[in-house]
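The structure appears below as structure tokens.
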Amino acid sequence: MIGYGQAGGKILDEFLEYDQRTGSNIVRAALAVNTAKADLMGLEHVPEDRRVLVGQSRVKGHGVGADNELGAEVAEEDIDEVMSAMDQIPAHEVDAFLIIAGMGGGSGSGGGPVVARHLKRIYTEPVYALGVLPSSDEGGIYTLNAARSFQTFVRETDNLLVFDNDNWRNAGESMQSGYDAINREIVERFGLLFGAGEVEHGGEVAESVVDSSEIINTLAGGGVSTVGYASETIEREDTGLLSRFRGNGSGGDDSLDAAQTTNRITSLVRKAALGRLTLPCEVDGVERALLVMAGPSKYLNRKGIERGRKWLEEQTGSMEVRGGDYPLRGGDFVASVVLLSGVTNVPRIKELQQVAIEAQDNIDDIRDESERNLDSLVNDGQDELEPLF
Ligand code: GDP
């Protein structure tokens, strides 16, 4: 997992914290890359020897100031440093690479796709990106950066998973506490998705457990993906109040529980797919989908997952809908994560591109105009004065 730039680094940090807290072991190896030294120093969970400062000769550790063309240039110039940090990773132990970056900024927006291109050239494992779209009130330059980075990421990766900050804005919250909360939401969703592929097979778990190859097959074919999520807190039978009422020896509880479990699952699948997606889009027409049901194994059943999967097939019109369990020991919730891959009907991206084009035209106009204005300020108009040399 490579966190590139400020947003990328912070989200990577959050994934590492998640791994430590839940024992998920999603991140086999972490790498934070940035042009800004201060951002690298602010990370808490990325080990110091897994932080790479690039572009030092050009920007002296001060960042690229939201210039993503410069971000891409310095990444290309210093690519050897990034790739040699990757050399230490035993590639046969990783299922895939994930590059995380804010697409509206400079370092990650420009440098992320450069790293993707080089990883793809060297490794056979798939290279994905998790790209964050800026919220619409961030202004023209961020939107333009994001629109260009989005295009480039799609071209250079095996799949671009998108998270749209605009969809998660909370009025009245400060930027920083807002981002911290958003980053937790990101990791909650993608953590369950990627964590599902890490479960060891065999032992007590059933054969319906999601395998990393199912995640990879769902993402295969490239393009853009979005993720839906819904969860419900459960009262554990062994500790909860209900256990006292249920323990009446009637013996009829099992069938009731099975029906409840199935209904809970199907309702969570609907909520996940029709609720707030990481990138809002039309579900109909999605190419492939994967349903992951996470929770303590006794709250998961095959019938529920099969129903949820069928429902997703109807909603998406896709023939390629996979599904499985992610048994969590000791959790107090059941959650569904729906990965929709190969999305094409995304009005938000069309709007973003329109605003980006307007911003680009404006920037060009203003640049032309200010050149003319400066010229008329500096020159006397009659060519009577001459510069010194
Ligand atoms: P870079 O350091 O030059 O790559 O730029 P940033 O990572 O700061 O990217 C700026 C964009 O990322 C902004 O437009 C924000 O939309 C977004 N962003 C910055 N920090 C965070 C964060 O912590 N979380 C999330 N979700 N988005 C962020």
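Identifiers in the structure tokens: chain A, B, ... in order shown; residue index from 1 per chain; ligand index from 1 in order shown.
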
Protein and nucleic acid residues within 7 Å of ligand 1 (only C-alpha atoms and all ligand atoms) as a compact mmCIF listing (two decimals) with N, CA and C atoms, in the first residue's frame:
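Result went into part-v9.txt, see below:
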# COMPACT_ATOMS: atom_id res chain seq x y z
N TYR A 4 0.51 8.29 -1.39
CA TYR A 4 1.29 9.32 -2.09
C TYR A 4 0.64 10.68 -1.81
N GLY A 5 1.45 11.63 -1.31
CA GLY A 5 0.92 12.96 -1.00
C GLY A 5 0.29 12.98 0.38
N GLN A 6 -0.28 14.14 0.71
CA GLN A 6 -0.80 14.32 2.07
C GLN A 6 -2.01 13.41 2.35
N ALA A 7 -3.01 13.49 1.50
CA ALA A 7 -4.20 12.66 1.71
C ALA A 7 -3.81 11.18 1.66
N GLY A 8 -3.01 10.81 0.68
CA GLY A 8 -2.59 9.42 0.52
C GLY A 8 -1.89 8.91 1.77
N LYS A 10 -2.07 10.11 4.85
CA LYS A 10 -2.94 10.05 6.04
C LYS A 10 -3.88 8.84 5.97
N ILE A 11 -4.34 8.54 4.79
CA ILE A 11 -5.25 7.38 4.65
C ILE A 11 -4.46 6.09 4.86
N ASN A 34 6.17 11.49 -0.65
CA ASN A 34 5.69 12.87 -0.69
C ASN A 34 6.80 13.80 -1.15
N GLY A 63 7.02 20.66 -0.99
CA GLY A 63 5.79 20.31 -1.72
C GLY A 63 5.73 20.99 -3.08
N VAL A 64 4.75 20.57 -3.87
CA VAL A 64 4.66 21.10 -5.24
C VAL A 64 3.53 22.12 -5.39
N GLY A 65 2.89 22.50 -4.26
CA GLY A 65 1.89 23.56 -4.31
C GLY A 65 0.75 23.29 -5.28
N ALA A 66 0.15 22.13 -5.19
CA ALA A 66 -1.02 21.76 -6.03
C ALA A 66 -0.73 21.82 -7.52
N ALA A 101 -4.17 8.27 -3.21
CA ALA A 101 -3.82 9.66 -3.43
C ALA A 101 -5.05 10.55 -3.51
N GLY A 102 -4.90 11.78 -3.08
CA GLY A 102 -5.91 12.81 -3.32
C GLY A 102 -5.71 13.29 -4.74
N MET A 103 -6.74 13.23 -5.56
CA MET A 103 -6.55 13.58 -6.97
C MET A 103 -6.59 15.10 -7.21
N GLY A 104 -7.05 15.86 -6.22
CA GLY A 104 -7.13 17.31 -6.41
C GLY A 104 -5.84 18.06 -6.11
N GLY A 105 -4.90 17.41 -5.46
CA GLY A 105 -3.67 18.09 -5.05
C GLY A 105 -2.60 18.04 -6.12
N GLY A 106 -1.32 17.99 -5.68
CA GLY A 106 -0.22 18.01 -6.62
C GLY A 106 0.63 16.76 -6.60
N SER A 107 1.18 16.43 -5.42
CA SER A 107 2.15 15.32 -5.33
C SER A 107 1.51 13.99 -5.71
N GLY A 108 0.46 13.61 -5.01
CA GLY A 108 -0.18 12.32 -5.23
C GLY A 108 -0.96 12.29 -6.53
N SER A 109 -1.60 13.40 -6.84
CA SER A 109 -2.40 13.53 -8.06
C SER A 109 -1.55 13.31 -9.30
N VAL A 132 -8.98 9.97 -4.34
CA VAL A 132 -9.97 10.79 -3.63
C VAL A 132 -10.29 12.03 -4.46
N LEU A 133 -11.59 12.23 -4.73
CA LEU A 133 -12.00 13.43 -5.47
C LEU A 133 -12.18 14.58 -4.50
N PRO A 134 -11.79 15.79 -4.90
CA PRO A 134 -11.98 16.95 -4.02
C PRO A 134 -13.46 17.29 -3.91
N SER A 135 -13.85 17.94 -2.83
CA SER A 135 -15.26 18.35 -2.76
C SER A 135 -15.45 19.56 -3.69
N GLU A 138 -13.99 23.22 -3.31
CA GLU A 138 -12.55 23.46 -3.17
C GLU A 138 -12.00 24.39 -4.25
N TYR A 142 -8.36 22.63 -8.09
CA TYR A 142 -8.44 21.27 -7.52
C TYR A 142 -9.29 20.37 -8.42
N ASN A 165 -14.91 13.06 -1.83
CA ASN A 165 -15.05 13.88 -0.61
C ASN A 165 -16.37 14.67 -0.61
N TYR A 179 -11.67 15.69 7.82
CA TYR A 179 -10.87 14.69 7.10
C TYR A 179 -10.61 13.45 7.96
N ASP A 180 -10.35 13.67 9.25
CA ASP A 180 -10.10 12.51 10.11
C ASP A 180 -11.31 11.58 10.10
N ILE A 182 -13.65 11.44 7.78
CA ILE A 182 -13.80 10.88 6.43
C ILE A 182 -12.82 9.72 6.23
N ASN A 183 -11.59 9.91 6.70
CA ASN A 183 -10.59 8.86 6.51
C ASN A 183 -10.98 7.57 7.25

Who sits within 6 Å of range 337-352 of chain A, only C-alpha atoms, same chain under 3 positions skipped, as a VMD selection string: chain A and resid 219 223 to 229 281 to 282 286 to 292 355

With all heavy atoms kept, could you save the residues just selected as a CSV table (one decimal), in the first residue's frame?
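part.csv, written as the output of this step:
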chain,number,residue,atom,x,y,z
A,219,LEU,N,-12.4,-6.8,-9.9
A,219,LEU,CA,-11.7,-5.5,-10.3
A,219,LEU,C,-11.1,-5.7,-11.7
A,219,LEU,O,-10.7,-4.7,-12.4
A,219,LEU,CB,-10.6,-5.1,-9.3
A,219,LEU,CG,-11.2,-4.7,-8.0
A,219,LEU,CD1,-10.0,-4.5,-7.0
A,219,LEU,CD2,-12.0,-3.4,-8.1
A,223,GLY,N,-11.1,0.1,-15.4
A,223,GLY,CA,-12.1,1.0,-15.3
A,223,GLY,C,-12.2,1.6,-13.8
A,223,GLY,O,-11.2,1.7,-13.1
A,224,VAL,N,-13.4,2.0,-13.5
A,224,VAL,CA,-13.7,2.7,-12.2
A,224,VAL,C,-14.6,2.0,-11.3
A,224,VAL,O,-15.5,1.3,-11.8
A,224,VAL,CB,-14.3,4.1,-12.6
A,224,VAL,CG1,-14.6,4.9,-11.4
A,224,VAL,CG2,-13.4,4.9,-13.5
A,225,SER,N,-14.3,2.0,-10.0
A,225,SER,CA,-15.2,1.3,-9.1
A,225,SER,C,-15.7,2.2,-8.0
A,225,SER,O,-15.0,3.2,-7.6
A,225,SER,CB,-14.4,0.2,-8.4
A,225,SER,OG,-14.1,-0.8,-9.4
A,226,THR,N,-16.8,1.7,-7.4
A,226,THR,CA,-17.3,2.4,-6.2
A,226,THR,C,-17.7,1.4,-5.2
A,226,THR,O,-17.9,0.2,-5.5
A,226,THR,CB,-18.5,3.3,-6.6
A,226,THR,OG1,-19.0,4.0,-5.5
A,226,THR,CG2,-19.6,2.5,-7.2
A,227,VAL,N,-17.9,1.8,-3.9
A,227,VAL,CA,-18.2,0.9,-2.9
A,227,VAL,C,-19.3,1.4,-2.0
A,227,VAL,O,-19.4,2.5,-1.7
A,227,VAL,CB,-16.9,0.6,-2.0
A,227,VAL,CG1,-17.3,-0.1,-0.7
A,227,VAL,CG2,-15.8,-0.1,-2.7
A,228,GLY,N,-20.3,0.5,-1.7
A,228,GLY,CA,-21.4,0.8,-0.8
A,228,GLY,C,-21.2,0.0,0.5
A,228,GLY,O,-20.6,-1.1,0.5
A,229,TYR,N,-21.8,0.5,1.5
A,229,TYR,CA,-21.6,-0.1,2.9
A,229,TYR,C,-22.8,0.1,3.7
A,229,TYR,O,-23.4,1.2,3.7
A,229,TYR,CB,-20.4,0.6,3.5
A,229,TYR,CG,-20.1,0.2,4.9
A,229,TYR,CD1,-19.4,-0.9,5.3
A,229,TYR,CD2,-20.6,1.1,6.0
A,229,TYR,CE1,-19.2,-1.2,6.6
A,229,TYR,CE2,-20.3,0.8,7.3
A,229,TYR,CZ,-19.6,-0.3,7.6
A,229,TYR,OH,-19.4,-0.6,8.9
A,281,CYS,N,-23.2,6.8,-8.3
A,281,CYS,CA,-23.3,6.5,-9.7
A,281,CYS,C,-24.6,5.7,-9.8
A,281,CYS,O,-25.3,5.3,-8.9
A,281,CYS,CB,-22.2,5.6,-10.1
A,281,CYS,SG,-22.2,4.0,-9.5
A,282,GLU,N,-25.0,5.4,-11.1
A,282,GLU,CA,-26.2,4.6,-11.4
A,282,GLU,C,-25.7,3.1,-11.2
A,282,GLU,O,-24.7,2.7,-11.9
A,282,GLU,CB,-26.6,4.8,-12.8
A,282,GLU,CG,-27.3,6.2,-13.0
A,282,GLU,CD,-28.5,6.4,-12.2
A,282,GLU,OE1,-29.2,5.4,-11.9
A,282,GLU,OE2,-28.8,7.5,-11.8
A,286,VAL,N,-23.7,-1.6,-14.2
A,286,VAL,CA,-22.4,-1.9,-13.7
A,286,VAL,C,-21.9,-3.2,-14.2
A,286,VAL,O,-22.7,-4.1,-14.3
A,286,VAL,CB,-22.5,-1.9,-12.1
A,286,VAL,CG1,-21.3,-2.6,-11.5
A,286,VAL,CG2,-22.6,-0.5,-11.5
A,287,GLU,N,-20.7,-3.3,-14.6
A,287,GLU,CA,-20.2,-4.5,-15.2
A,287,GLU,C,-20.1,-5.7,-14.3
A,287,GLU,O,-20.5,-6.8,-14.6
A,287,GLU,CB,-18.8,-4.3,-15.9
A,287,GLU,CG,-18.9,-3.5,-17.2
A,287,GLU,CD,-17.6,-3.1,-17.7
A,287,GLU,OE1,-16.7,-3.9,-17.7
A,287,GLU,OE2,-17.5,-2.0,-18.2
A,288,ARG,N,-19.4,-5.5,-13.1
A,288,ARG,CA,-19.2,-6.6,-12.2
A,288,ARG,C,-19.5,-6.1,-10.8
A,288,ARG,O,-19.3,-4.9,-10.5
A,288,ARG,CB,-17.8,-7.1,-12.3
A,288,ARG,CG,-17.4,-7.7,-13.6
A,288,ARG,CD,-15.9,-7.9,-13.8
A,288,ARG,NE,-15.2,-6.7,-13.6
A,288,ARG,CZ,-15.0,-5.8,-14.5
A,288,ARG,NH1,-15.5,-6.0,-15.7
A,288,ARG,NH2,-14.4,-4.6,-14.3
A,289,ALA,N,-19.8,-7.1,-9.9
A,289,ALA,CA,-20.0,-6.7,-8.5
A,289,ALA,C,-19.6,-7.8,-7.5
A,289,ALA,O,-19.5,-9.0,-7.9
A,289,ALA,CB,-21.5,-6.4,-8.3
A,290,LEU,N,-19.2,-7.4,-6.3
A,290,LEU,CA,-18.8,-8.3,-5.3
A,290,LEU,C,-19.6,-7.9,-4.0
A,290,LEU,O,-19.5,-6.8,-3.6
A,290,LEU,CB,-17.3,-8.3,-5.1
A,290,LEU,CG,-16.8,-9.1,-3.9
A,290,LEU,CD1,-16.9,-10.6,-4.2
A,290,LEU,CD2,-15.3,-8.8,-3.6
A,291,LEU,N,-20.2,-8.9,-3.4
A,291,LEU,CA,-20.8,-8.7,-2.1
A,291,LEU,C,-20.0,-9.4,-1.0
A,291,LEU,O,-19.7,-10.6,-1.1
A,291,LEU,CB,-22.3,-9.3,-2.1
A,291,LEU,CG,-22.9,-9.5,-0.8
A,291,LEU,CD1,-23.2,-8.2,-0.1
A,291,LEU,CD2,-24.3,-10.2,-1.0
A,292,VAL,N,-19.6,-8.6,0.0
A,292,VAL,CA,-19.0,-9.2,1.2
A,292,VAL,C,-19.8,-9.0,2.4
A,292,VAL,O,-20.2,-7.9,2.7
A,292,VAL,CB,-17.6,-8.5,1.4
A,292,VAL,CG1,-17.0,-9.0,2.7
A,292,VAL,CG2,-16.6,-8.7,0.2
A,355,VAL,N,-16.7,21.4,-15.1
A,355,VAL,CA,-16.1,22.5,-14.2
A,355,VAL,C,-14.6,22.6,-14.5
A,355,VAL,O,-14.0,23.7,-14.6
A,355,VAL,CB,-16.4,22.2,-12.7
A,355,VAL,CG1,-15.7,23.3,-11.9
A,355,VAL,CG2,-17.9,22.2,-12.4

Residues of range 228-342 of chain A that have any atom at most 7 Å from an atom of range 210-214 of chain A: could you tabulate them with the shortest-distance atom pair and the distance in Å to one decimal, using only C-alpha atoms, ordered by chain and increasing number, as a Markdown table?
| residue | atom | partner | partner_atom | distance |
| --- | --- | --- | --- | --- |
| A:Gly323 | CA | A:Val210 | CA | 7.0 |
| A:Gly324 | CA | A:Val210 | CA | 4.7 |
| A:Asp325 | CA | A:Val210 | CA | 5.7 |
| A:Tyr326 | CA | A:Val210 | CA | 6.5 |

Go ahead and write the selection's residues with C-alpha atoms as a short mmCIF file (atom, residue, chain, number, x, y, z; two decimals), in the first residue's frame.
data_model
loop_
_atom_site.label_atom_id
_atom_site.label_comp_id
_atom_site.auth_asym_id
_atom_site.auth_seq_id
_atom_site.Cartn_x
_atom_site.Cartn_y
_atom_site.Cartn_z
CA GLY A 323 -20.50 -12.96 -3.04
CA GLY A 324 -19.16 -14.46 0.16
CA ASP A 325 -18.58 -14.20 3.90
CA TYR A 326 -16.00 -12.44 5.94
#

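For the atom pair formed by CA of Asp78 in chain A and CA of Ile26 in chain A, the distance is 27.4 Å, given to one decimal.
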
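Nearest residue to Glu14 in chain A among A:Gly285, A:Gly191, A:Gly317, A:Pro387 is A:Gly191, counting only C-alpha atoms.
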
All strand (DSSP E) residues (DSSP, backbone) inside range 6-244 of chain A, as a PyMOL selection string: chain A and resi 31-34+51-53+97-102+127-133+159-164+224-233

Just the selected residues (C-alpha atoms), exported as a PDB file, in the first residue's frame, please.
ATOM      1  CA  LEU A  31       5.255   3.108   1.760  1.00  0.00           C
ATOM      2  CA  ALA A  32       4.562   6.835   2.123  1.00  0.00           C
ATOM      3  CA  VAL A  33       5.833   9.087  -0.656  1.00  0.00           C
ATOM      4  CA  ASN A  34       5.694  12.867  -0.695  1.00  0.00           C
ATOM      5  CA  ARG A  51       8.840   7.200   4.069  1.00  0.00           C
ATOM      6  CA  VAL A  52      10.341   8.524   0.841  1.00  0.00           C
ATOM      7  CA  LEU A  53      10.849  12.213   0.143  1.00  0.00           C
ATOM      8  CA  PHE A  97      -0.602  -3.027  -5.066  1.00  0.00           C
ATOM      9  CA  LEU A  98      -2.784  -0.155  -3.931  1.00  0.00           C
ATOM     10  CA  ILE A  99      -1.752   3.459  -4.492  1.00  0.00           C
ATOM     11  CA  ILE A 100      -3.716   5.997  -2.449  1.00  0.00           C
ATOM     12  CA  ALA A 101      -3.816   9.664  -3.435  1.00  0.00           C
ATOM     13  CA  GLY A 102      -5.911  12.811  -3.315  1.00  0.00           C
ATOM     14  CA  VAL A 127      -1.951  -2.350  -9.527  1.00  0.00           C
ATOM     15  CA  TYR A 128      -4.983  -0.511  -8.170  1.00  0.00           C
ATOM     16  CA  ALA A 129      -5.458   3.041  -7.001  1.00  0.00           C
ATOM     17  CA  LEU A 130      -7.742   4.546  -4.421  1.00  0.00           C
ATOM     18  CA  GLY A 131      -8.259   8.093  -5.684  1.00  0.00           C
ATOM     19  CA  VAL A 132      -9.968  10.792  -3.627  1.00  0.00           C
ATOM     20  CA  LEU A 133     -11.999  13.426  -5.471  1.00  0.00           C
ATOM     21  CA  ASN A 159      -8.731  -0.345 -11.554  1.00  0.00           C
ATOM     22  CA  LEU A 160      -9.398   3.030  -9.974  1.00  0.00           C
ATOM     23  CA  LEU A 161     -11.468   2.856  -6.788  1.00  0.00           C
ATOM     24  CA  VAL A 162     -12.919   6.294  -6.203  1.00  0.00           C
ATOM     25  CA  PHE A 163     -13.883   8.080  -3.018  1.00  0.00           C
ATOM     26  CA  ASP A 164     -15.646  11.401  -3.450  1.00  0.00           C
ATOM     27  CA  VAL A 224     -13.658   2.729 -12.250  1.00  0.00           C
ATOM     28  CA  SER A 225     -15.177   1.290  -9.073  1.00  0.00           C
ATOM     29  CA  THR A 226     -17.308   2.441  -6.194  1.00  0.00           C
ATOM     30  CA  VAL A 227     -18.172   0.856  -2.856  1.00  0.00           C
ATOM     31  CA  GLY A 228     -21.371   0.771  -0.810  1.00  0.00           C
ATOM     32  CA  TYR A 229     -21.583  -0.100   2.869  1.00  0.00           C
ATOM     33  CA  ALA A 230     -24.215  -0.719   5.517  1.00  0.00           C
ATOM     34  CA  SER A 231     -23.948  -2.131   9.013  1.00  0.00           C
ATOM     35  CA  GLU A 232     -26.120  -3.067  11.942  1.00  0.00           C
ATOM     36  CA  THR A 233     -25.137  -3.529  15.552  1.00  0.00           C
TER      37      THR A 233
END

Per-residue DSSP, range 121-233 of chain A, filtered to alpha helix (DSSP H), as a PyMOL selection string: chain A and resi 121-122+140-156+175-196+212-219

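Taking CA of Gly381 in chain A and CA of Asp365 in chain A as the two end points, the separation is 22.7 Å.
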
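Of the listed residues (A:Leu377, A:Leu385, A:Pro327, A:Ala356), A:Ala356 comes nearest to Thr143 in chain A; the distances count only C-alpha atoms.
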